[in-house]
>>> print(open('coords-v6.cif').read())   # mmCIF, C-alpha atoms
data_start
loop_
_atom_site.label_atom_id
_atom_site.label_comp_id
_atom_site.auth_asym_id
_atom_site.auth_seq_id
_atom_site.Cartn_x
_atom_site.Cartn_y
_atom_site.Cartn_z
CA MET A 1 3.18 -29.56 -113.84
CA ALA A 2 2.81 -31.36 -117.13
CA GLN A 3 0.55 -34.37 -117.08
CA PRO A 4 2.62 -37.57 -116.95
CA SER A 5 2.12 -40.15 -119.65
CA GLN A 6 0.68 -42.75 -117.28
CA PHE A 7 -2.47 -40.65 -116.83
CA GLU A 8 -4.95 -39.82 -119.53
CA SER A 9 -4.32 -36.55 -121.33
CA GLY A 10 -6.68 -33.76 -120.33
CA LEU A 11 -7.92 -35.48 -117.17
CA LEU A 12 -6.53 -34.80 -113.72
CA PRO A 13 -6.01 -38.05 -111.79
CA LYS A 14 -7.94 -39.07 -108.69
CA LEU A 15 -6.20 -39.67 -105.37
CA ILE A 16 -7.78 -41.82 -102.67
CA ILE A 17 -6.25 -41.92 -99.19
CA GLN A 18 -7.10 -45.15 -97.42
CA ILE A 19 -6.92 -45.81 -93.67
CA PRO A 20 -7.24 -49.35 -92.26
CA CYS A 21 -8.95 -49.13 -88.85
CA TYR A 22 -9.58 -51.44 -85.94
CA ASN A 23 -11.08 -49.75 -82.87
CA GLU A 24 -9.56 -46.36 -83.72
CA ALA A 25 -12.32 -44.09 -82.41
CA GLU A 26 -9.93 -42.27 -80.05
CA THR A 27 -7.33 -41.33 -82.67
CA LEU A 28 -9.10 -41.40 -86.05
CA ALA A 29 -10.49 -37.85 -85.80
CA ILE A 30 -6.99 -36.50 -85.12
CA ALA A 31 -5.57 -38.35 -88.13
CA LEU A 32 -8.40 -37.20 -90.40
CA SER A 33 -8.10 -33.56 -89.33
CA ASP A 34 -4.59 -33.44 -90.81
CA LEU A 35 -5.33 -35.19 -94.11
CA PRO A 36 -5.41 -32.96 -97.21
CA ARG A 37 -8.52 -32.41 -99.30
CA ALA A 38 -6.50 -31.06 -102.22
CA VAL A 39 -3.09 -32.18 -103.50
CA PRO A 40 -1.28 -30.49 -106.42
CA GLY A 41 -1.62 -32.49 -109.61
CA PHE A 42 -4.89 -34.21 -108.67
CA GLY A 43 -8.40 -33.34 -109.74
CA SER A 44 -9.94 -34.83 -106.59
CA VAL A 45 -8.84 -36.25 -103.26
CA GLU A 46 -11.11 -38.71 -101.44
CA TRP A 47 -10.81 -40.54 -98.12
CA LEU A 48 -11.62 -44.20 -97.59
CA VAL A 49 -11.75 -46.00 -94.23
CA ILE A 50 -11.58 -49.78 -93.92
CA ASP A 51 -13.33 -50.81 -90.71
CA ASP A 52 -11.77 -54.15 -89.78
CA GLY A 53 -14.55 -55.38 -87.49
CA SER A 54 -14.31 -52.54 -84.93
CA THR A 55 -16.43 -52.80 -81.80
CA ASP A 56 -16.13 -49.12 -80.83
CA GLU A 57 -17.36 -45.92 -82.53
CA THR A 58 -14.82 -45.94 -85.38
CA VAL A 59 -17.46 -45.84 -88.12
CA ARG A 60 -19.39 -43.02 -86.46
CA VAL A 61 -16.21 -40.97 -86.06
CA ALA A 62 -15.34 -41.58 -89.71
CA ARG A 63 -18.75 -40.38 -90.88
CA GLU A 64 -18.75 -37.33 -88.63
CA ASN A 65 -15.36 -36.30 -89.98
CA GLY A 66 -16.32 -36.39 -93.64
CA VAL A 67 -14.90 -39.71 -94.84
CA ASP A 68 -16.13 -40.29 -98.40
CA HIS A 69 -16.14 -44.09 -98.40
CA ILE A 70 -16.38 -46.68 -95.62
CA VAL A 71 -15.80 -50.39 -96.25
CA ARG A 72 -16.60 -52.73 -93.39
CA HIS A 73 -15.53 -56.23 -92.33
CA THR A 74 -18.05 -58.12 -90.20
CA SER A 75 -15.18 -59.45 -88.07
CA ASN A 76 -11.52 -58.61 -87.47
CA ARG A 77 -9.52 -60.02 -90.39
CA GLY A 78 -6.11 -58.48 -89.71
CA LEU A 79 -4.10 -55.55 -91.06
CA ALA A 80 -2.94 -57.20 -94.29
CA TYR A 81 -6.47 -58.24 -95.23
CA ALA A 82 -7.80 -54.75 -94.40
CA PHE A 83 -5.06 -53.21 -96.56
CA MET A 84 -6.02 -55.34 -99.57
CA THR A 85 -9.72 -54.69 -99.01
CA GLY A 86 -8.89 -50.99 -99.20
CA ILE A 87 -6.84 -51.44 -102.37
CA GLU A 88 -9.72 -53.28 -104.07
CA ALA A 89 -12.20 -50.61 -102.92
CA CYS A 90 -9.98 -47.77 -104.16
CA LEU A 91 -9.55 -49.43 -107.55
CA ALA A 92 -13.32 -49.97 -107.82
CA ARG A 93 -13.85 -46.25 -107.10
CA GLY A 94 -11.53 -45.17 -109.90
CA ALA A 95 -8.38 -44.22 -107.98
CA ASP A 96 -5.36 -43.38 -110.13
CA VAL A 97 -3.08 -43.18 -107.09
CA ILE A 98 -3.66 -44.70 -103.64
CA VAL A 99 -2.05 -43.44 -100.45
CA ASN A 100 -2.10 -45.69 -97.40
CA THR A 101 -1.71 -44.22 -93.93
CA ASP A 102 -2.42 -45.20 -90.32
CA ALA A 103 -5.30 -44.17 -88.09
CA ASP A 104 -3.02 -43.43 -85.14
CA ASN A 105 -1.69 -40.26 -86.82
CA GLN A 106 1.86 -41.65 -86.80
CA TYR A 107 2.73 -40.13 -90.17
CA HIS A 108 2.86 -36.41 -90.95
CA ALA A 109 -0.04 -35.85 -93.37
CA ALA A 110 1.58 -32.71 -94.81
CA ASP A 111 4.07 -35.06 -96.51
CA VAL A 112 1.39 -36.58 -98.77
CA PRO A 113 2.39 -34.32 -101.74
CA ALA A 114 6.03 -35.41 -101.41
CA LEU A 115 4.90 -39.04 -101.23
CA VAL A 116 2.81 -38.94 -104.42
CA ASN A 117 5.13 -36.75 -106.53
CA PRO A 118 7.33 -39.61 -107.82
CA VAL A 119 4.19 -41.43 -109.01
CA LEU A 120 2.76 -38.28 -110.58
CA GLU A 121 6.02 -37.61 -112.39
CA GLY A 122 6.17 -41.17 -113.70
CA ARG A 123 9.35 -42.02 -111.76
CA ALA A 124 7.85 -44.66 -109.46
CA ASP A 125 5.11 -47.26 -109.20
CA MET A 126 5.34 -47.46 -105.41
CA VAL A 127 6.71 -44.89 -102.98
CA ILE A 128 7.60 -45.75 -99.38
CA GLY A 129 7.80 -43.02 -96.75
CA ALA A 130 11.11 -43.39 -94.90
CA ARG A 131 10.80 -42.42 -91.23
CA PRO A 132 13.79 -41.09 -89.27
CA ILE A 133 13.96 -44.34 -87.28
CA SER A 134 17.03 -43.44 -85.21
CA GLU A 135 15.36 -40.19 -84.08
CA ILE A 136 11.98 -41.62 -82.98
CA GLU A 137 12.01 -41.42 -79.19
CA HIS A 138 9.22 -43.93 -78.46
CA PHE A 139 10.98 -46.69 -80.46
CA SER A 140 13.10 -48.89 -78.19
CA PRO A 141 16.70 -49.71 -79.25
CA ILE A 142 15.73 -53.33 -80.02
CA LYS A 143 12.81 -52.19 -82.17
CA LYS A 144 15.06 -49.78 -84.08
CA LEU A 145 17.52 -52.61 -84.67
CA LEU A 146 14.79 -54.98 -85.86
CA GLN A 147 13.43 -52.30 -88.20
CA LYS A 148 16.86 -51.89 -89.78
CA ILE A 149 17.41 -55.66 -90.08
CA GLY A 150 13.96 -56.12 -91.62
CA SER A 151 14.61 -53.34 -94.14
CA TRP A 152 17.96 -54.91 -95.07
CA VAL A 153 16.35 -58.32 -95.64
CA VAL A 154 13.67 -56.73 -97.81
CA ARG A 155 16.28 -54.84 -99.85
CA VAL A 156 18.18 -58.07 -100.49
CA SER A 157 15.03 -60.04 -101.32
CA SER A 158 13.38 -57.41 -103.54
CA GLY A 159 16.39 -55.85 -105.25
CA THR A 160 15.13 -52.39 -104.24
CA ASP A 161 16.71 -49.60 -102.20
CA VAL A 162 13.90 -49.17 -99.65
CA GLN A 163 15.16 -47.54 -96.47
CA ASP A 164 12.15 -48.17 -94.18
CA ALA A 165 10.39 -51.35 -95.28
CA PRO A 166 7.94 -51.57 -92.31
CA SER A 167 6.58 -48.07 -93.04
CA GLY A 168 2.86 -48.09 -93.80
CA PHE A 169 2.89 -44.58 -95.28
CA ARG A 170 3.09 -45.25 -99.01
CA ALA A 171 1.76 -44.20 -102.39
CA ILE A 172 0.84 -46.77 -105.06
CA SER A 173 -0.05 -46.22 -108.70
CA ARG A 174 -3.18 -47.83 -110.08
CA ASP A 175 -1.21 -50.22 -112.26
CA ALA A 176 0.96 -51.34 -109.32
CA ALA A 177 -2.10 -51.79 -107.09
CA GLN A 178 -3.67 -54.07 -109.67
CA ARG A 179 -0.61 -56.33 -109.53
CA LEU A 180 -0.54 -56.77 -105.75
CA MET A 181 -1.57 -60.06 -104.14
CA LEU A 182 -0.84 -60.83 -100.49
CA PHE A 183 -0.35 -64.20 -98.78
CA ASN A 184 0.62 -63.02 -95.30
CA SER A 185 -2.24 -62.13 -92.92
CA TYR A 186 -0.02 -60.43 -90.30
CA THR A 187 1.29 -57.40 -92.19
CA TYR A 188 1.44 -56.14 -95.76
CA THR A 189 4.50 -53.88 -95.50
CA LEU A 190 7.35 -56.29 -96.24
CA GLU A 191 5.56 -58.56 -98.70
CA THR A 192 4.25 -55.77 -100.96
CA ILE A 193 7.76 -54.36 -101.44
CA ILE A 194 9.28 -57.77 -102.22
CA GLN A 195 6.44 -58.52 -104.62
CA ALA A 196 6.87 -55.13 -106.31
CA GLY A 197 10.61 -55.62 -106.70
CA ARG A 198 10.26 -59.10 -108.15
CA LYS A 199 7.71 -57.78 -110.65
CA ASN A 200 10.14 -55.09 -111.80
CA MET A 201 8.09 -52.22 -110.43
CA ARG A 202 9.91 -49.00 -109.67
CA VAL A 203 10.05 -48.63 -105.88
CA VAL A 204 11.54 -45.50 -104.32
CA SER A 205 11.81 -44.02 -100.83
CA VAL A 206 11.19 -40.43 -99.77
CA PRO A 207 11.97 -38.99 -96.34
CA ILE A 208 8.91 -38.23 -94.21
CA ARG A 209 8.20 -36.83 -90.76
CA VAL A 210 6.34 -38.51 -87.91
CA ASN A 211 4.04 -37.23 -85.17
CA GLY A 212 4.02 -38.00 -81.47
CA ASP A 213 2.93 -41.39 -80.18
CA LEU A 214 -0.83 -41.48 -79.46
CA ARG A 215 -1.14 -45.15 -78.51
CA PRO A 216 0.97 -48.33 -78.28
CA SER A 217 1.51 -50.26 -81.50
CA ARG A 218 -1.10 -52.94 -82.20
CA LEU A 219 1.43 -55.09 -84.10
CA VAL A 220 4.16 -54.91 -81.45
CA LYS A 221 2.45 -56.31 -78.35
CA SER A 222 5.81 -57.40 -76.93
CA ILE A 223 9.39 -57.54 -78.21
CA PRO A 224 9.58 -61.41 -78.12
CA SER A 225 6.27 -61.63 -79.99
CA TYR A 226 7.44 -59.05 -82.53
CA ILE A 227 10.72 -60.91 -83.09
CA LYS A 228 8.92 -64.24 -83.52
CA ARG A 229 6.36 -62.82 -85.95
CA SER A 230 9.03 -60.92 -87.90
CA ILE A 231 11.21 -64.01 -88.31
CA PHE A 232 8.21 -66.10 -89.36
CA THR A 233 7.13 -63.42 -91.85
CA ILE A 234 10.60 -63.14 -93.40
CA VAL A 235 11.03 -66.93 -93.69
CA ARG A 236 7.56 -67.29 -95.20
CA ILE A 237 8.32 -64.55 -97.73
CA PHE A 238 11.50 -66.38 -98.78
CA VAL A 239 9.57 -69.65 -99.16
CA ILE A 240 6.85 -68.00 -101.28
CA TYR A 241 8.93 -65.71 -103.48
CA GLN A 242 12.29 -67.54 -103.67
CA PRO A 243 11.35 -71.21 -103.13
CA ALA A 244 14.08 -72.70 -105.34
CA ARG A 245 16.80 -70.73 -103.56
CA PHE A 246 15.36 -71.40 -100.08
CA PHE A 247 14.99 -75.17 -100.47
CA GLY A 248 18.19 -75.33 -102.55
CA ILE A 249 20.14 -73.85 -99.63
CA VAL A 250 18.49 -76.31 -97.24
CA ALA A 251 19.36 -79.18 -99.60
CA ALA A 252 22.99 -78.04 -99.91
CA LEU A 253 23.39 -77.75 -96.14
CA LEU A 254 21.91 -81.20 -95.43
CA PHE A 255 23.76 -82.94 -98.25
CA GLY A 256 27.03 -81.18 -97.39
CA LEU A 257 26.74 -82.15 -93.72
CA GLY A 258 26.03 -85.74 -94.65
CA PHE A 259 28.96 -85.78 -97.09
CA LEU A 260 31.34 -84.51 -94.39
CA LEU A 261 30.16 -87.20 -91.98
CA GLY A 262 30.74 -89.77 -94.72
CA LEU A 263 34.28 -88.51 -95.19
CA ARG A 264 34.78 -88.72 -91.43
CA PHE A 265 33.78 -92.39 -91.44
CA LEU A 266 36.00 -93.07 -94.45
CA TYR A 267 38.96 -91.47 -92.69
CA PHE A 268 38.56 -93.63 -89.58
CA TYR A 269 37.92 -96.73 -91.71
CA LEU A 270 41.19 -96.24 -93.57
CA THR A 271 43.21 -95.39 -90.46
CA GLU A 272 41.66 -97.57 -87.76
CA GLY A 273 39.82 -100.33 -89.55
CA VAL A 274 36.12 -101.10 -89.87
CA SER A 275 35.20 -101.22 -86.19
CA GLY A 276 33.23 -98.30 -84.71
CA HIS A 277 31.90 -95.06 -86.11
CA VAL A 278 28.89 -96.82 -87.67
CA GLN A 279 26.70 -94.01 -86.37
CA SER A 280 28.47 -91.62 -88.75
CA VAL A 281 27.48 -93.78 -91.72
CA VAL A 282 23.84 -93.95 -90.61
CA LEU A 283 23.61 -90.20 -89.96
CA ALA A 284 25.45 -89.38 -93.19
CA GLY A 285 23.02 -91.52 -95.18
CA ALA A 286 20.01 -89.93 -93.48
CA LEU A 287 21.27 -86.36 -94.04
CA MET A 288 22.18 -86.97 -97.67
CA GLY A 289 18.77 -88.57 -98.23
CA MET A 290 17.06 -85.54 -96.66
CA GLY A 291 19.22 -83.26 -98.81
CA PHE A 292 18.16 -85.08 -101.97
CA GLN A 293 14.49 -84.82 -100.93
CA SER A 294 14.92 -81.09 -100.26
CA LEU A 295 16.38 -80.69 -103.75
CA LEU A 296 13.29 -82.36 -105.23
CA VAL A 297 11.11 -80.01 -103.16
CA ALA A 298 13.10 -77.06 -104.57
CA PHE A 299 12.29 -78.14 -108.15
CA LEU A 300 8.61 -78.68 -107.33
CA ALA A 301 8.36 -75.36 -105.48
CA ASP A 302 9.91 -73.56 -108.45
CA VAL A 303 7.31 -75.08 -110.78
CA ILE A 304 4.51 -74.04 -108.39
CA ALA A 305 5.97 -70.51 -108.20
CA ALA A 306 5.97 -70.28 -112.00
CA ASN A 307 2.33 -71.39 -112.05
CA ARG A 308 1.49 -68.77 -109.41
CA LYS A 309 3.05 -66.07 -111.58
CA LEU A 310 0.84 -67.11 -114.49
CA LEU A 311 -2.25 -66.91 -112.25
CA GLU A 312 -1.17 -63.47 -111.03
CA ASP A 313 -0.82 -62.30 -114.65
CA ILE A 314 -4.32 -63.57 -115.41
CA ARG A 315 -5.71 -61.80 -112.36
CA TYR A 316 -3.92 -58.57 -113.33
CA THR A 317 -5.44 -58.74 -116.83
CA GLN A 318 -8.91 -59.23 -115.34
CA ARG A 319 -8.41 -56.34 -112.90
CA SER A 320 -7.19 -54.05 -115.67
CA THR A 321 -10.17 -54.87 -117.90
CA GLN A 322 -12.66 -54.37 -115.08
CA GLY A 323 -10.86 -51.21 -113.97
CA GLU A 324 -11.10 -49.59 -117.37
CA GLY A 325 -14.84 -50.22 -117.38
CA THR A 326 -15.16 -48.73 -113.90
CA LYS A 327 -13.23 -45.56 -114.80
CA THR A 328 -15.19 -45.11 -118.05
CA PHE A 329 -18.47 -45.40 -116.12
CA ALA A 330 -17.24 -42.90 -113.52
CA ARG A 331 -16.23 -40.38 -116.19
CA ASP A 332 -19.57 -40.73 -117.99
CA LYS A 333 -21.40 -40.25 -114.68
CA GLU A 334 -19.42 -37.07 -113.90
CA ALA A 335 -20.05 -35.72 -117.39
CA ALA A 336 -23.78 -36.32 -117.01
#
>>> encode(input="coords-v6.cif", output="structure tokens")
Amino acid sequence: MAQPSQFESGLLPKLIIQIPCYNEAETLAIALSDLPRAVPGFGSVEWLVIDDGSTDETVRVARENGVDHIVRHTSNRGLAYAFMTGIEACLARGADVIVNTDADNQYHAADVPALVNPVLEGRADMVIGARPISEIEHFSPIKKLLQKIGSWVVRVSSGTDVQDAPSGFRAISRDAAQRLMLFNSYTYTLETIIQAGRKNMRVVSVPIRVNGDLRPSRLVKSIPSYIKRSIFTIVRIFVIYQPARFFGIVAALLFGLGFLLGLRFLYFYLTEGVSGHVQSVVLAGALMGMGFQSLLVAFLADVIAANRKLLEDIRYTQRSTQGEGTKTFARDKEAA
């Protein structure tokens, strides 16, 4: 395979596979036993475990099974935070491509080459492994439905064609990883895709296989809880990434409702006289006032969003500069 232009000529890229872990001692060894140590197109493949404040033997299991790098949180910070800690650690260790997978061995590790190929070939900045959701036996019908709804919302919000947005099995180029910045502490899956799409990154899906269920999901403790968290996550993503549209819709609804109530009062005033229906005037005034305030919030939120984009660009520039120094140091060290 010819070396793609996004990697330096004459140097095979480095792949780091990261695994966020929280009390995964029982399943981590199984997941690690299936991970590849060599992937076509890469000069080296390393494993990195993010220990998110585990209280069991996760770290010992990781060391005994040959994990190259272990990054530890002193307390449990959540999956999204662990994911970003891993991204930062992989970048600091000179990764050209990062693969994220789960410690419960949900994803078929033999599909790693298929996952990274679009990045290697320069066709994608982020690749999402699309699970056969309808064929997974341990997914309940309501969970399958929610997965499909969530993926549809993400496709609409991001402008991408991602088939399985909640999938954690994904490959990310170094440049894309440097641009990521999460605000949600619950999960990284939806937000990273929306952020990638809005930053004009190339996001593609590839079909992957899944393994049998080794343990219940940590994120889905109950269907009502999952629904509540999913709705909150989706709404929060809209507020953060499309604030003008979100508050603009709220403003239009409130103002429109107030306007209709005003027309209702006007109709009765013209047909029945001034007596009665004063409540319609009061409510119409309140709703139209709230609509106007929401419109002002939409303008302010849009200005804040523009400022956030500038800060993200500054952070990306800093990451890129630091990253080049890190990779140069690593190459010099290998040469020595």
>>> residues_around(input="coords-v6.cif", residues="A:Phe169", least_positions_apart="6", cutoff="6 Å", atoms="only C-alpha atoms", output="MDAnalysis selection string")
chainID A and resid 100:101 129
>>> resolve_selection(input="coords-v6.cif", expression="the PyMOL selection byres ((chain A and resi 67-78) around 7)", output="list in words")
Glu46, Trp47, Leu48, Val49, Ile50, Asp51, Asp52, Gly53, Ala62, Arg63, Asn65, Gly66, Leu79, Ala80, Tyr81, Ala82, Ser185 and Tyr186 of chain A
>>> resolve_selection(input="coords-v6.cif", expression="the PyMOL selection byres ((chain A and resi 110-116) around 7)", output="list in words")
Val39, His108, Ala109, Asn117, Pro118, Val119, Leu120, Val127, Gly129, Arg170, Ala171, Val206 and Ile208 of chain A
>>> write_last_selection(input="coords-v6.cif", atoms="C-alpha atoms", output="PDB file, keeping the file's coordinate frame")
ATOM      1  CA  VAL A  39      -3.090 -32.180-103.500  1.00  0.00           C
ATOM      2  CA  HIS A 108       2.860 -36.410 -90.950  1.00  0.00           C
ATOM      3  CA  ALA A 109      -0.040 -35.850 -93.370  1.00  0.00           C
ATOM      4  CA  ASN A 117       5.130 -36.750-106.530  1.00  0.00           C
ATOM      5  CA  PRO A 118       7.330 -39.610-107.820  1.00  0.00           C
ATOM      6  CA  VAL A 119       4.190 -41.430-109.010  1.00  0.00           C
ATOM      7  CA  LEU A 120       2.760 -38.280-110.580  1.00  0.00           C
ATOM      8  CA  VAL A 127       6.710 -44.890-102.980  1.00  0.00           C
ATOM      9  CA  GLY A 129       7.800 -43.020 -96.750  1.00  0.00           C
ATOM     10  CA  ARG A 170       3.090 -45.250 -99.010  1.00  0.00           C
ATOM     11  CA  ALA A 171       1.760 -44.200-102.390  1.00  0.00           C
ATOM     12  CA  VAL A 206      11.190 -40.430 -99.770  1.00  0.00           C
ATOM     13  CA  ILE A 208       8.910 -38.230 -94.210  1.00  0.00           C
TER      14      ILE A 208
END
>>> atom_distance(input="coords-v6.cif", atom1="atom CA of A:Asn23", atom2="atom CA of A:Glu57")
7.4 Å
>>> resolve_selection(input="coords-v6.cif", expression="the PyMOL selection byres ((chain A and resi 239) around 12)", output="VMD selection string")
chain A and resid 157 183 to 184 191 232 to 238 240 to 250 297 to 298 301 to 302 304 to 305
>>> closest_residue(input="coords-v6.cif", among="A:Ala251, A:Val282, A:Val154, A:Ala124", to="A:Val204", atoms="only C-alpha atoms")
A:Ala124
>>> atom_distance(input="coords-v6.cif", atom1="atom CA of A:Ser205", atom2="atom CA of A:Ser225")
27.8 Å
>>> atom_distance(input="coords-v6.cif", atom1="atom CA of A:Ile30", atom2="atom CA of A:Asp102")
11.1 Å
>>> residues_around(input="coords-v6.cif", residues="A:Ser280", least_positions_apart="5", cutoff="10 Å", atoms="only C-alpha atoms", output="list in words")
Gly258, Leu260, Leu261, Gly262, Leu263, Arg264, Phe265, Leu266, Gly285 and Ala286 of chain A
>>> residues_around(input="coords-v6.cif", residues="A:Ala95", least_positions_apart="6", cutoff="8 Å", atoms="all atoms listed in the file", output="list in words")
Pro13, Lys14, Leu15, Ile16 and Arg174 of chain A
>>> closest_residue(input="coords-v6.cif", among="A:Gly122, A:Pro40, A:Gly150, A:Pro224", to="A:Ile194", atoms="only C-alpha atoms")
A:Gly150
>>> closest_residue(input="coords-v6.cif", among="A:Gly197, A:Asp213, A:Ala89, A:Thr189", to="A:His138", atoms="only C-alpha atoms")
A:Asp213
>>> residues_around(input="coords-v6.cif", residues="A:Ile172", least_positions_apart="5", cutoff="6 Å", atoms="only C-alpha atoms", output="NGL selection string")
:A and (97-98 or 125-126)
>>> write_last_selection(input="coords-v6.cif", atoms="C-alpha atoms", output="compact mmCIF listing (two decimals), in the frame of the given file")
# COMPACT_ATOMS: atom_id res chain seq x y z
CA VAL A 97 -3.08 -43.18 -107.09
CA ILE A 98 -3.66 -44.70 -103.64
CA ASP A 125 5.11 -47.26 -109.20
CA MET A 126 5.34 -47.46 -105.41
